[in-house]
>>> print(open('input29.txt').read())   # compact mmCIF, N, CA and C atoms
# COMPACT_ATOMS: atom_id res chain seq x y z
N MET A 1 -35.08 25.06 11.68
CA MET A 1 -34.40 24.98 10.39
C MET A 1 -34.52 23.55 9.87
N THR A 2 -35.06 23.39 8.68
CA THR A 2 -35.22 22.04 8.15
C THR A 2 -34.25 21.74 7.02
N ASN A 3 -33.80 22.75 6.29
CA ASN A 3 -32.86 22.54 5.20
C ASN A 3 -31.61 23.37 5.44
N PHE A 4 -30.44 22.74 5.30
CA PHE A 4 -29.21 23.50 5.44
C PHE A 4 -28.04 22.74 4.83
N GLN A 5 -26.91 23.42 4.70
CA GLN A 5 -25.69 22.84 4.15
C GLN A 5 -24.54 23.06 5.13
N ILE A 6 -23.63 22.09 5.11
CA ILE A 6 -22.40 22.21 5.90
C ILE A 6 -21.24 21.88 4.98
N LYS A 7 -20.24 22.74 4.97
CA LYS A 7 -19.02 22.45 4.21
C LYS A 7 -17.99 21.88 5.17
N CYS A 8 -17.27 20.89 4.70
CA CYS A 8 -16.30 20.20 5.54
C CYS A 8 -15.00 20.10 4.74
N LYS A 9 -13.92 20.69 5.28
CA LYS A 9 -12.65 20.71 4.56
C LYS A 9 -11.80 19.48 4.84
N ASP A 10 -12.09 18.82 5.96
CA ASP A 10 -11.21 17.74 6.39
C ASP A 10 -12.01 16.73 7.20
N VAL A 11 -11.57 15.49 7.20
CA VAL A 11 -12.25 14.43 7.95
C VAL A 11 -12.31 14.75 9.44
N SER A 12 -11.40 15.56 9.93
CA SER A 12 -11.39 15.93 11.36
C SER A 12 -12.61 16.77 11.73
N GLU A 13 -13.29 17.33 10.75
CA GLU A 13 -14.48 18.15 11.00
C GLU A 13 -15.77 17.33 11.02
N LEU A 14 -15.67 16.04 10.72
CA LEU A 14 -16.88 15.21 10.59
C LEU A 14 -17.65 15.05 11.90
N LYS A 15 -16.96 15.04 13.02
CA LYS A 15 -17.68 14.93 14.29
C LYS A 15 -18.63 16.11 14.45
N SER A 16 -18.16 17.29 14.13
CA SER A 16 -18.99 18.48 14.21
C SER A 16 -20.17 18.40 13.24
N VAL A 17 -19.93 17.89 12.05
CA VAL A 17 -21.00 17.73 11.05
C VAL A 17 -22.06 16.77 11.61
N ALA A 18 -21.62 15.64 12.14
CA ALA A 18 -22.54 14.65 12.70
C ALA A 18 -23.34 15.25 13.86
N GLU A 19 -22.67 15.99 14.72
CA GLU A 19 -23.36 16.61 15.85
C GLU A 19 -24.42 17.60 15.38
N GLN A 20 -24.08 18.41 14.38
CA GLN A 20 -25.04 19.39 13.87
C GLN A 20 -26.25 18.72 13.25
N ILE A 21 -26.02 17.65 12.50
CA ILE A 21 -27.14 16.93 11.86
C ILE A 21 -28.05 16.34 12.94
N LEU A 22 -27.46 15.64 13.89
CA LEU A 22 -28.27 14.97 14.91
C LEU A 22 -28.97 15.97 15.84
N GLU A 23 -28.34 17.11 16.08
CA GLU A 23 -28.98 18.14 16.90
C GLU A 23 -30.13 18.80 16.15
N THR A 24 -29.89 19.15 14.89
CA THR A 24 -30.92 19.81 14.08
C THR A 24 -32.13 18.92 13.88
N TYR A 25 -31.89 17.65 13.66
CA TYR A 25 -32.97 16.71 13.39
C TYR A 25 -33.14 15.73 14.55
N SER A 26 -33.10 16.23 15.76
CA SER A 26 -33.11 15.38 16.94
C SER A 26 -34.39 14.56 17.10
N SER A 27 -35.47 14.98 16.49
CA SER A 27 -36.72 14.22 16.61
C SER A 27 -36.93 13.25 15.44
N GLU A 28 -36.02 13.25 14.49
CA GLU A 28 -36.17 12.38 13.31
C GLU A 28 -35.48 11.04 13.54
N LYS A 29 -35.99 10.02 12.87
CA LYS A 29 -35.47 8.65 13.04
C LYS A 29 -34.84 8.09 11.77
N ILE A 30 -35.25 8.60 10.60
CA ILE A 30 -34.81 8.03 9.33
C ILE A 30 -33.90 9.03 8.61
N PHE A 31 -32.67 8.59 8.30
CA PHE A 31 -31.70 9.42 7.60
C PHE A 31 -31.24 8.69 6.35
N LEU A 32 -31.48 9.28 5.18
CA LEU A 32 -31.06 8.71 3.91
C LEU A 32 -29.80 9.44 3.46
N LEU A 33 -28.75 8.67 3.12
CA LEU A 33 -27.49 9.28 2.70
C LEU A 33 -27.21 8.95 1.24
N SER A 34 -27.09 9.98 0.45
CA SER A 34 -26.89 9.83 -0.98
C SER A 34 -25.58 10.52 -1.38
N GLY A 35 -24.92 9.97 -2.36
CA GLY A 35 -23.68 10.55 -2.86
C GLY A 35 -22.95 9.50 -3.69
N LYS A 36 -21.99 9.96 -4.48
CA LYS A 36 -21.22 9.04 -5.31
C LYS A 36 -20.41 8.08 -4.46
N MET A 37 -19.95 7.01 -5.07
CA MET A 37 -19.06 6.07 -4.41
C MET A 37 -17.84 6.85 -3.89
N GLY A 38 -17.51 6.66 -2.62
CA GLY A 38 -16.36 7.34 -2.03
C GLY A 38 -16.64 8.74 -1.51
N ALA A 39 -17.90 9.17 -1.56
CA ALA A 39 -18.23 10.53 -1.10
C ALA A 39 -18.11 10.67 0.41
N GLY A 40 -18.29 9.56 1.14
CA GLY A 40 -18.15 9.63 2.60
C GLY A 40 -19.40 9.23 3.36
N LYS A 41 -20.30 8.50 2.74
CA LYS A 41 -21.54 8.09 3.40
C LYS A 41 -21.25 7.24 4.64
N THR A 42 -20.46 6.20 4.48
CA THR A 42 -20.15 5.31 5.60
C THR A 42 -19.34 6.04 6.65
N THR A 43 -18.43 6.89 6.24
CA THR A 43 -17.61 7.64 7.19
C THR A 43 -18.48 8.57 8.03
N LEU A 44 -19.45 9.23 7.42
CA LEU A 44 -20.37 10.08 8.18
C LEU A 44 -21.21 9.24 9.14
N ILE A 45 -21.67 8.10 8.67
CA ILE A 45 -22.47 7.22 9.54
C ILE A 45 -21.64 6.78 10.75
N LYS A 46 -20.37 6.48 10.55
CA LYS A 46 -19.50 6.10 11.68
C LYS A 46 -19.44 7.23 12.70
N GLU A 47 -19.32 8.47 12.23
CA GLU A 47 -19.28 9.62 13.15
C GLU A 47 -20.63 9.83 13.83
N MET A 48 -21.72 9.67 13.08
CA MET A 48 -23.04 9.81 13.69
C MET A 48 -23.21 8.77 14.80
N CYS A 49 -22.75 7.55 14.54
CA CYS A 49 -22.85 6.49 15.54
C CYS A 49 -21.99 6.81 16.76
N ARG A 50 -20.81 7.38 16.55
CA ARG A 50 -19.97 7.79 17.69
C ARG A 50 -20.70 8.82 18.54
N VAL A 51 -21.31 9.81 17.88
CA VAL A 51 -22.04 10.86 18.58
C VAL A 51 -23.22 10.26 19.36
N MET A 52 -23.86 9.24 18.78
CA MET A 52 -24.99 8.58 19.46
C MET A 52 -24.53 7.56 20.50
N LYS A 53 -23.21 7.44 20.68
CA LYS A 53 -22.61 6.54 21.66
C LYS A 53 -22.88 5.06 21.37
N VAL A 54 -22.74 4.69 20.09
CA VAL A 54 -22.82 3.28 19.69
C VAL A 54 -21.58 2.57 20.23
N VAL A 55 -21.78 1.39 20.83
CA VAL A 55 -20.67 0.65 21.43
C VAL A 55 -20.12 -0.42 20.49
N ASP A 56 -20.84 -0.76 19.43
CA ASP A 56 -20.41 -1.79 18.49
C ASP A 56 -19.48 -1.22 17.43
N VAL A 57 -18.76 -2.09 16.75
CA VAL A 57 -17.95 -1.69 15.61
C VAL A 57 -18.89 -1.36 14.46
N VAL A 58 -18.72 -0.19 13.87
CA VAL A 58 -19.58 0.26 12.78
C VAL A 58 -18.85 0.03 11.47
N ASN A 59 -19.45 -0.79 10.61
CA ASN A 59 -18.91 -0.98 9.27
C ASN A 59 -20.05 -1.17 8.29
N SER A 60 -19.77 -1.00 7.03
CA SER A 60 -20.81 -1.02 6.02
C SER A 60 -21.41 -2.41 5.86
N PRO A 61 -22.74 -2.50 5.90
CA PRO A 61 -23.41 -3.79 5.71
C PRO A 61 -23.64 -4.10 4.23
N THR A 62 -22.60 -3.97 3.42
CA THR A 62 -22.74 -4.13 1.98
C THR A 62 -23.34 -5.48 1.60
N PHE A 63 -22.93 -6.54 2.27
CA PHE A 63 -23.44 -7.86 1.90
C PHE A 63 -24.61 -8.30 2.76
N SER A 64 -24.66 -7.87 4.00
CA SER A 64 -25.76 -8.26 4.88
C SER A 64 -26.96 -7.33 4.72
N ILE A 65 -26.79 -6.20 4.08
CA ILE A 65 -27.78 -5.16 3.81
C ILE A 65 -28.12 -4.33 5.04
N VAL A 66 -28.20 -4.95 6.23
CA VAL A 66 -28.49 -4.17 7.43
C VAL A 66 -27.67 -4.68 8.61
N ASN A 67 -27.12 -3.73 9.37
CA ASN A 67 -26.44 -4.04 10.64
C ASN A 67 -27.21 -3.37 11.76
N GLU A 68 -27.24 -4.02 12.90
CA GLU A 68 -27.82 -3.42 14.09
C GLU A 68 -26.70 -3.12 15.07
N TYR A 69 -26.68 -1.90 15.58
CA TYR A 69 -25.71 -1.50 16.57
C TYR A 69 -26.47 -1.11 17.84
N LYS A 70 -25.82 -1.24 18.98
CA LYS A 70 -26.40 -0.84 20.26
C LYS A 70 -25.65 0.37 20.80
N THR A 71 -26.40 1.26 21.45
CA THR A 71 -25.81 2.41 22.10
C THR A 71 -25.54 2.07 23.57
N THR A 72 -24.86 2.97 24.25
CA THR A 72 -24.55 2.73 25.67
C THR A 72 -25.80 2.61 26.52
N ASN A 73 -26.92 3.19 26.07
CA ASN A 73 -28.16 3.07 26.84
C ASN A 73 -29.06 1.95 26.31
N GLY A 74 -28.51 1.07 25.45
CA GLY A 74 -29.23 -0.11 24.98
C GLY A 74 -30.17 0.10 23.81
N LYS A 75 -30.19 1.31 23.24
CA LYS A 75 -31.05 1.55 22.08
C LYS A 75 -30.40 0.99 20.82
N SER A 76 -31.24 0.63 19.86
CA SER A 76 -30.75 0.11 18.58
C SER A 76 -30.61 1.22 17.55
N VAL A 77 -29.58 1.09 16.73
CA VAL A 77 -29.39 1.94 15.55
C VAL A 77 -29.21 0.96 14.39
N PHE A 78 -29.99 1.15 13.33
CA PHE A 78 -29.91 0.27 12.17
C PHE A 78 -29.20 1.00 11.03
N HIS A 79 -28.27 0.31 10.41
CA HIS A 79 -27.45 0.84 9.32
C HIS A 79 -27.69 -0.03 8.09
N PHE A 80 -28.29 0.57 7.07
CA PHE A 80 -28.59 -0.13 5.82
C PHE A 80 -27.62 0.30 4.73
N ASP A 81 -27.23 -0.63 3.88
CA ASP A 81 -26.49 -0.33 2.65
C ASP A 81 -27.26 -1.00 1.52
N LEU A 82 -27.94 -0.20 0.71
CA LEU A 82 -28.82 -0.73 -0.33
C LEU A 82 -28.13 -0.82 -1.69
N TYR A 83 -26.81 -0.70 -1.71
CA TYR A 83 -26.07 -0.68 -2.97
C TYR A 83 -26.33 -1.93 -3.81
N ARG A 84 -26.42 -3.08 -3.19
CA ARG A 84 -26.59 -4.34 -3.92
C ARG A 84 -28.04 -4.75 -4.12
N ILE A 85 -28.97 -3.95 -3.64
CA ILE A 85 -30.39 -4.26 -3.83
C ILE A 85 -30.73 -4.08 -5.31
N LYS A 86 -31.37 -5.08 -5.88
CA LYS A 86 -31.74 -5.01 -7.30
C LYS A 86 -33.16 -4.48 -7.50
N SER A 87 -34.03 -4.69 -6.50
CA SER A 87 -35.40 -4.21 -6.62
C SER A 87 -35.98 -3.96 -5.23
N PRO A 88 -37.00 -3.12 -5.16
CA PRO A 88 -37.64 -2.86 -3.87
C PRO A 88 -38.21 -4.12 -3.22
N ILE A 89 -38.51 -5.12 -4.00
CA ILE A 89 -39.05 -6.37 -3.47
C ILE A 89 -38.08 -7.01 -2.49
N GLU A 90 -36.78 -6.87 -2.75
CA GLU A 90 -35.78 -7.41 -1.82
C GLU A 90 -35.90 -6.78 -0.44
N LEU A 91 -36.21 -5.50 -0.41
CA LEU A 91 -36.40 -4.84 0.89
C LEU A 91 -37.67 -5.32 1.57
N LEU A 92 -38.69 -5.54 0.79
CA LEU A 92 -39.93 -6.08 1.35
C LEU A 92 -39.67 -7.45 1.96
N ASP A 93 -38.92 -8.29 1.24
CA ASP A 93 -38.58 -9.62 1.74
C ASP A 93 -37.74 -9.55 3.01
N LEU A 94 -36.94 -8.53 3.13
CA LEU A 94 -36.08 -8.33 4.30
C LEU A 94 -36.88 -7.91 5.53
N GLY A 95 -38.11 -7.43 5.30
CA GLY A 95 -38.93 -6.94 6.40
C GLY A 95 -38.52 -5.55 6.84
N TYR A 96 -38.15 -4.72 5.87
CA TYR A 96 -37.63 -3.39 6.17
C TYR A 96 -38.58 -2.56 7.03
N GLU A 97 -39.89 -2.80 6.90
CA GLU A 97 -40.86 -1.99 7.65
C GLU A 97 -40.67 -2.13 9.15
N GLU A 98 -40.30 -3.33 9.59
CA GLU A 98 -40.08 -3.53 11.03
C GLU A 98 -38.96 -2.64 11.55
N TYR A 99 -37.93 -2.43 10.73
CA TYR A 99 -36.82 -1.56 11.11
C TYR A 99 -37.24 -0.09 11.09
N LEU A 100 -37.84 0.32 9.96
CA LEU A 100 -38.15 1.74 9.76
C LEU A 100 -39.24 2.26 10.68
N TYR A 101 -40.11 1.37 11.13
CA TYR A 101 -41.20 1.79 12.02
C TYR A 101 -40.97 1.32 13.45
N SER A 102 -39.72 1.03 13.80
CA SER A 102 -39.38 0.50 15.12
C SER A 102 -39.11 1.59 16.15
N ASP A 103 -39.12 2.83 15.75
CA ASP A 103 -38.77 3.96 16.60
C ASP A 103 -37.28 4.01 16.91
N SER A 104 -36.48 3.25 16.16
CA SER A 104 -35.03 3.31 16.26
C SER A 104 -34.49 4.18 15.14
N ILE A 105 -33.29 4.70 15.33
CA ILE A 105 -32.62 5.46 14.28
C ILE A 105 -32.25 4.50 13.15
N CYS A 106 -32.55 4.89 11.91
CA CYS A 106 -32.16 4.12 10.72
C CYS A 106 -31.32 5.03 9.83
N LEU A 107 -30.13 4.57 9.49
CA LEU A 107 -29.19 5.28 8.63
C LEU A 107 -29.07 4.47 7.35
N ILE A 108 -29.46 5.04 6.22
CA ILE A 108 -29.62 4.27 4.99
C ILE A 108 -28.75 4.83 3.87
N GLU A 109 -27.75 4.04 3.46
CA GLU A 109 -26.90 4.41 2.32
C GLU A 109 -27.54 3.90 1.03
N TRP A 110 -27.32 4.62 -0.06
CA TRP A 110 -27.83 4.26 -1.38
C TRP A 110 -29.35 4.08 -1.37
N PRO A 111 -30.11 5.08 -0.92
CA PRO A 111 -31.56 4.91 -0.78
C PRO A 111 -32.36 5.09 -2.08
N GLU A 112 -31.70 5.44 -3.16
CA GLU A 112 -32.40 5.83 -4.38
C GLU A 112 -33.44 4.80 -4.85
N LEU A 113 -33.12 3.53 -4.77
CA LEU A 113 -34.02 2.49 -5.25
C LEU A 113 -35.25 2.35 -4.36
N ALA A 114 -35.13 2.73 -3.11
CA ALA A 114 -36.19 2.45 -2.14
C ALA A 114 -36.90 3.70 -1.62
N THR A 115 -36.69 4.85 -2.24
CA THR A 115 -37.28 6.09 -1.74
C THR A 115 -38.80 5.97 -1.61
N ASP A 116 -39.43 5.27 -2.55
CA ASP A 116 -40.89 5.11 -2.50
C ASP A 116 -41.35 4.26 -1.32
N LEU A 117 -40.44 3.48 -0.74
CA LEU A 117 -40.80 2.63 0.39
C LEU A 117 -40.53 3.29 1.74
N MET A 118 -39.98 4.48 1.72
CA MET A 118 -39.63 5.15 2.96
C MET A 118 -40.88 5.72 3.63
N PRO A 119 -40.83 5.87 4.95
CA PRO A 119 -41.92 6.55 5.65
C PRO A 119 -42.05 7.97 5.12
N PRO A 120 -43.16 8.63 5.38
CA PRO A 120 -43.37 9.97 4.82
C PRO A 120 -42.39 11.02 5.33
N VAL A 121 -41.81 10.82 6.50
CA VAL A 121 -40.89 11.80 7.06
C VAL A 121 -39.50 11.18 7.17
N TYR A 122 -38.52 11.83 6.55
CA TYR A 122 -37.12 11.40 6.66
C TYR A 122 -36.22 12.57 6.33
N VAL A 123 -34.95 12.43 6.72
CA VAL A 123 -33.96 13.45 6.41
C VAL A 123 -33.09 12.92 5.27
N MET A 124 -33.03 13.68 4.19
CA MET A 124 -32.17 13.34 3.06
C MET A 124 -30.87 14.09 3.22
N ILE A 125 -29.76 13.35 3.22
CA ILE A 125 -28.43 13.94 3.31
C ILE A 125 -27.71 13.63 2.01
N ASN A 126 -27.41 14.65 1.25
CA ASN A 126 -26.67 14.47 0.01
C ASN A 126 -25.24 14.94 0.23
N ILE A 127 -24.28 14.10 -0.17
CA ILE A 127 -22.87 14.43 0.04
C ILE A 127 -22.21 14.62 -1.33
N GLU A 128 -21.63 15.79 -1.51
CA GLU A 128 -20.87 16.08 -2.72
C GLU A 128 -19.41 16.23 -2.34
N ALA A 129 -18.54 15.56 -3.09
CA ALA A 129 -17.11 15.60 -2.80
C ALA A 129 -16.38 16.30 -3.94
N ASP A 130 -15.49 17.22 -3.57
CA ASP A 130 -14.61 17.86 -4.54
C ASP A 130 -13.35 17.01 -4.63
N GLU A 131 -13.15 16.39 -5.77
CA GLU A 131 -12.03 15.45 -5.92
C GLU A 131 -10.66 16.13 -5.86
N LEU A 132 -10.61 17.42 -6.18
CA LEU A 132 -9.33 18.13 -6.16
C LEU A 132 -8.94 18.56 -4.75
N THR A 133 -9.90 19.12 -4.00
CA THR A 133 -9.59 19.65 -2.67
C THR A 133 -9.94 18.68 -1.55
N ASN A 134 -10.72 17.64 -1.87
CA ASN A 134 -11.19 16.66 -0.88
C ASN A 134 -12.22 17.26 0.08
N GLU A 135 -12.72 18.46 -0.22
CA GLU A 135 -13.78 19.06 0.58
C GLU A 135 -15.10 18.34 0.32
N ARG A 136 -15.98 18.38 1.32
CA ARG A 136 -17.30 17.78 1.20
C ARG A 136 -18.35 18.84 1.50
N VAL A 137 -19.46 18.75 0.80
CA VAL A 137 -20.63 19.58 1.08
C VAL A 137 -21.76 18.64 1.44
N PHE A 138 -22.28 18.80 2.65
CA PHE A 138 -23.39 17.99 3.13
C PHE A 138 -24.64 18.86 3.05
N SER A 139 -25.61 18.43 2.23
CA SER A 139 -26.87 19.16 2.09
C SER A 139 -27.98 18.33 2.73
N MET A 140 -28.65 18.92 3.71
CA MET A 140 -29.69 18.22 4.43
C MET A 140 -31.05 18.82 4.10
N GLN A 141 -32.03 17.93 3.95
CA GLN A 141 -33.39 18.37 3.68
C GLN A 141 -34.35 17.44 4.39
N LEU A 142 -35.28 18.03 5.13
CA LEU A 142 -36.31 17.26 5.81
C LEU A 142 -37.46 17.05 4.84
N ASN A 143 -37.76 15.78 4.57
CA ASN A 143 -38.87 15.43 3.69
C ASN A 143 -40.08 15.14 4.57
N MET A 144 -41.16 15.83 4.31
CA MET A 144 -42.39 15.62 5.10
C MET A 144 -43.58 15.36 4.20
>>> encode(input="input29.txt", output="structure tokens")
Amino acid sequence: MTNFQIKCKDVSELKSVAEQILETYSSEKIFLLSGKMGAGKTTLIKEMCRVMKVVDVVNSPTFSIVNEYKTTNGKSVFHFDLYRIKSPIELLDLGYEEYLYSDSICLIEWPELATDLMPPVYVMINIEADELTNERVFSMQLNM
């Protein structure tokens, strides 16, 4: 299964959402997370990192653009927040290719500006939030 949706009624269900995503796309390394401000991109990334057994504190790299976290087995997980990126050139200057082609998991918030710079294979996760019920719909699609 390459494309699917998960509905989430409460933040307590996020661990299950993260587990399903990582299990379904267990061979993938690049995850792009898209959604409006406050949709839950960083919150989902925190759960994904918990499931991957990240030992570091996970927080949004809004100003640093990228954070590196380590798992219990010493693997790296890279967390990007591209919200403040003004042009793809900034990512080139950052050396983004070294991260994306490192064979480490990369979790990328606000990828819209840099989609053309992504490797050919990645998982797009779109998060839609219902402001009245606080429910979330996570739509996953494998781009190949």
>>> atom_distance(input="input29.txt", atom1="atom CA of A:Leu117", atom2="atom CA of A:Phe4")
24.4 Å
>>> select_by_dssp(input="input29.txt", residues="chain A", states="alpha helix (DSSP H)", output="mmCIF file with N, CA and C atoms, in the coordinates of the input")
data_model
loop_
_atom_site.group_PDB
_atom_site.id
_atom_site.type_symbol
_atom_site.label_atom_id
_atom_site.label_comp_id
_atom_site.auth_asym_id
_atom_site.auth_seq_id
_atom_site.Cartn_x
_atom_site.Cartn_y
_atom_site.Cartn_z
ATOM 1 N N LEU A 14 -15.670 16.040 10.720
ATOM 2 C CA LEU A 14 -16.880 15.210 10.590
ATOM 3 C C LEU A 14 -17.650 15.050 11.900
ATOM 4 N N LYS A 15 -16.960 15.040 13.020
ATOM 5 C CA LYS A 15 -17.680 14.930 14.290
ATOM 6 C C LYS A 15 -18.630 16.110 14.450
ATOM 7 N N SER A 16 -18.160 17.290 14.130
ATOM 8 C CA SER A 16 -18.990 18.480 14.210
ATOM 9 C C SER A 16 -20.170 18.400 13.240
ATOM 10 N N VAL A 17 -19.930 17.890 12.050
ATOM 11 C CA VAL A 17 -21.000 17.730 11.050
ATOM 12 C C VAL A 17 -22.060 16.770 11.610
ATOM 13 N N ALA A 18 -21.620 15.640 12.140
ATOM 14 C CA ALA A 18 -22.540 14.650 12.700
ATOM 15 C C ALA A 18 -23.340 15.250 13.860
ATOM 16 N N GLU A 19 -22.670 15.990 14.720
ATOM 17 C CA GLU A 19 -23.360 16.610 15.850
ATOM 18 C C GLU A 19 -24.420 17.600 15.380
ATOM 19 N N GLN A 20 -24.080 18.410 14.380
ATOM 20 C CA GLN A 20 -25.040 19.390 13.870
ATOM 21 C C GLN A 20 -26.250 18.720 13.250
ATOM 22 N N ILE A 21 -26.020 17.650 12.500
ATOM 23 C CA ILE A 21 -27.140 16.930 11.860
ATOM 24 C C ILE A 21 -28.050 16.340 12.940
ATOM 25 N N LEU A 22 -27.460 15.640 13.890
ATOM 26 C CA LEU A 22 -28.270 14.970 14.910
ATOM 27 C C LEU A 22 -28.970 15.970 15.840
ATOM 28 N N GLU A 23 -28.340 17.110 16.080
ATOM 29 C CA GLU A 23 -28.980 18.140 16.900
ATOM 30 C C GLU A 23 -30.130 18.800 16.150
ATOM 31 N N THR A 24 -29.890 19.150 14.890
ATOM 32 C CA THR A 24 -30.920 19.810 14.080
ATOM 33 C C THR A 24 -32.130 18.920 13.880
ATOM 34 N N LYS A 41 -20.300 8.500 2.740
ATOM 35 C CA LYS A 41 -21.540 8.090 3.400
ATOM 36 C C LYS A 41 -21.250 7.240 4.640
ATOM 37 N N THR A 42 -20.460 6.200 4.480
ATOM 38 C CA THR A 42 -20.150 5.310 5.600
ATOM 39 C C THR A 42 -19.340 6.040 6.650
ATOM 40 N N THR A 43 -18.430 6.890 6.240
ATOM 41 C CA THR A 43 -17.610 7.640 7.190
ATOM 42 C C THR A 43 -18.480 8.570 8.030
ATOM 43 N N LEU A 44 -19.450 9.230 7.420
ATOM 44 C CA LEU A 44 -20.370 10.080 8.180
ATOM 45 C C LEU A 44 -21.210 9.240 9.140
ATOM 46 N N ILE A 45 -21.670 8.100 8.670
ATOM 47 C CA ILE A 45 -22.470 7.220 9.540
ATOM 48 C C ILE A 45 -21.640 6.780 10.750
ATOM 49 N N LYS A 46 -20.370 6.480 10.550
ATOM 50 C CA LYS A 46 -19.500 6.100 11.680
ATOM 51 C C LYS A 46 -19.440 7.230 12.700
ATOM 52 N N GLU A 47 -19.320 8.470 12.230
ATOM 53 C CA GLU A 47 -19.280 9.620 13.150
ATOM 54 C C GLU A 47 -20.630 9.830 13.830
ATOM 55 N N MET A 48 -21.720 9.670 13.080
ATOM 56 C CA MET A 48 -23.040 9.810 13.690
ATOM 57 C C MET A 48 -23.210 8.770 14.800
ATOM 58 N N CYS A 49 -22.750 7.550 14.540
ATOM 59 C CA CYS A 49 -22.850 6.490 15.540
ATOM 60 C C CYS A 49 -21.990 6.810 16.760
ATOM 61 N N ARG A 50 -20.810 7.380 16.550
ATOM 62 C CA ARG A 50 -19.970 7.790 17.690
ATOM 63 C C ARG A 50 -20.700 8.820 18.540
ATOM 64 N N VAL A 51 -21.310 9.810 17.880
ATOM 65 C CA VAL A 51 -22.040 10.860 18.580
ATOM 66 C C VAL A 51 -23.220 10.260 19.360
ATOM 67 N N PRO A 88 -37.000 -3.120 -5.160
ATOM 68 C CA PRO A 88 -37.640 -2.860 -3.870
ATOM 69 C C PRO A 88 -38.210 -4.120 -3.220
ATOM 70 N N ILE A 89 -38.510 -5.120 -4.000
ATOM 71 C CA ILE A 89 -39.050 -6.370 -3.470
ATOM 72 C C ILE A 89 -38.080 -7.010 -2.490
ATOM 73 N N GLU A 90 -36.780 -6.870 -2.750
ATOM 74 C CA GLU A 90 -35.780 -7.410 -1.820
ATOM 75 C C GLU A 90 -35.900 -6.780 -0.440
ATOM 76 N N LEU A 91 -36.210 -5.500 -0.410
ATOM 77 C CA LEU A 91 -36.400 -4.840 0.890
ATOM 78 C C LEU A 91 -37.670 -5.320 1.570
ATOM 79 N N LEU A 92 -38.690 -5.540 0.790
ATOM 80 C CA LEU A 92 -39.930 -6.080 1.350
ATOM 81 C C LEU A 92 -39.670 -7.450 1.960
ATOM 82 N N ASP A 93 -38.920 -8.290 1.240
ATOM 83 C CA ASP A 93 -38.580 -9.620 1.740
ATOM 84 C C ASP A 93 -37.740 -9.550 3.010
ATOM 85 N N LEU A 94 -36.940 -8.530 3.130
ATOM 86 C CA LEU A 94 -36.080 -8.330 4.300
ATOM 87 C C LEU A 94 -36.880 -7.910 5.530
ATOM 88 N N TYR A 96 -38.150 -4.720 5.870
ATOM 89 C CA TYR A 96 -37.630 -3.390 6.170
ATOM 90 C C TYR A 96 -38.580 -2.560 7.030
ATOM 91 N N GLU A 97 -39.890 -2.800 6.900
ATOM 92 C CA GLU A 97 -40.860 -1.990 7.650
ATOM 93 C C GLU A 97 -40.670 -2.130 9.150
ATOM 94 N N GLU A 98 -40.300 -3.330 9.590
ATOM 95 C CA GLU A 98 -40.080 -3.530 11.030
ATOM 96 C C GLU A 98 -38.960 -2.640 11.550
ATOM 97 N N TYR A 99 -37.930 -2.430 10.730
ATOM 98 C CA TYR A 99 -36.820 -1.560 11.110
ATOM 99 C C TYR A 99 -37.240 -0.090 11.090
ATOM 100 N N LEU A 100 -37.840 0.320 9.960
ATOM 101 C CA LEU A 100 -38.150 1.740 9.760
ATOM 102 C C LEU A 100 -39.240 2.260 10.680
#
>>> residues_around(input="input29.txt", residues="A:Asp10", least_positions_apart="2", cutoff="6.5 Å", atoms="all atoms listed in the file", output="compact mmCIF listing (two decimals) with N, CA and C atoms, in the coordinates of the input")
# COMPACT_ATOMS: atom_id res chain seq x y z
N CYS A 8 -17.27 20.89 4.70
CA CYS A 8 -16.30 20.20 5.54
C CYS A 8 -15.00 20.10 4.74
N SER A 12 -11.40 15.56 9.93
CA SER A 12 -11.39 15.93 11.36
C SER A 12 -12.61 16.77 11.73
N GLU A 13 -13.29 17.33 10.75
CA GLU A 13 -14.48 18.15 11.00
C GLU A 13 -15.77 17.33 11.02
N LEU A 14 -15.67 16.04 10.72
CA LEU A 14 -16.88 15.21 10.59
C LEU A 14 -17.65 15.05 11.90
N ASN A 134 -10.72 17.64 -1.87
CA ASN A 134 -11.19 16.66 -0.88
C ASN A 134 -12.22 17.26 0.08
N GLU A 135 -12.72 18.46 -0.22
CA GLU A 135 -13.78 19.06 0.58
C GLU A 135 -15.10 18.34 0.32
N ARG A 136 -15.98 18.38 1.32
CA ARG A 136 -17.30 17.78 1.20
C ARG A 136 -18.35 18.84 1.50
>>> closest_residue(input="input29.txt", among="A:Leu82, A:Leu100, A:Cys106, A:Ile21", to="A:Pro61", atoms="all atoms listed in the file")
A:Leu82
>>> residues_near_point(input="input29.txt", point="(-38.3, 13.9, 9.0)", cutoff="6 Å", atoms="all atoms listed in the file", output="list of chain:residue names")
A:Glu28, A:Lys29, A:Val121, A:Tyr122, A:Val123, A:Leu142, A:Asn143, A:Met144
>>> select_by_dssp(input="input29.txt", residues="chain A", states="strand (DSSP E or B)", output="PyMOL selection string")
chain A and resi 3-8+30-35+54+66-71+76-81+105-109+122-129+136-143
>>> atom_distance(input="input29.txt", atom1="atom N of A:Gly38", atom2="atom C of A:Glu68")
22.2 Å
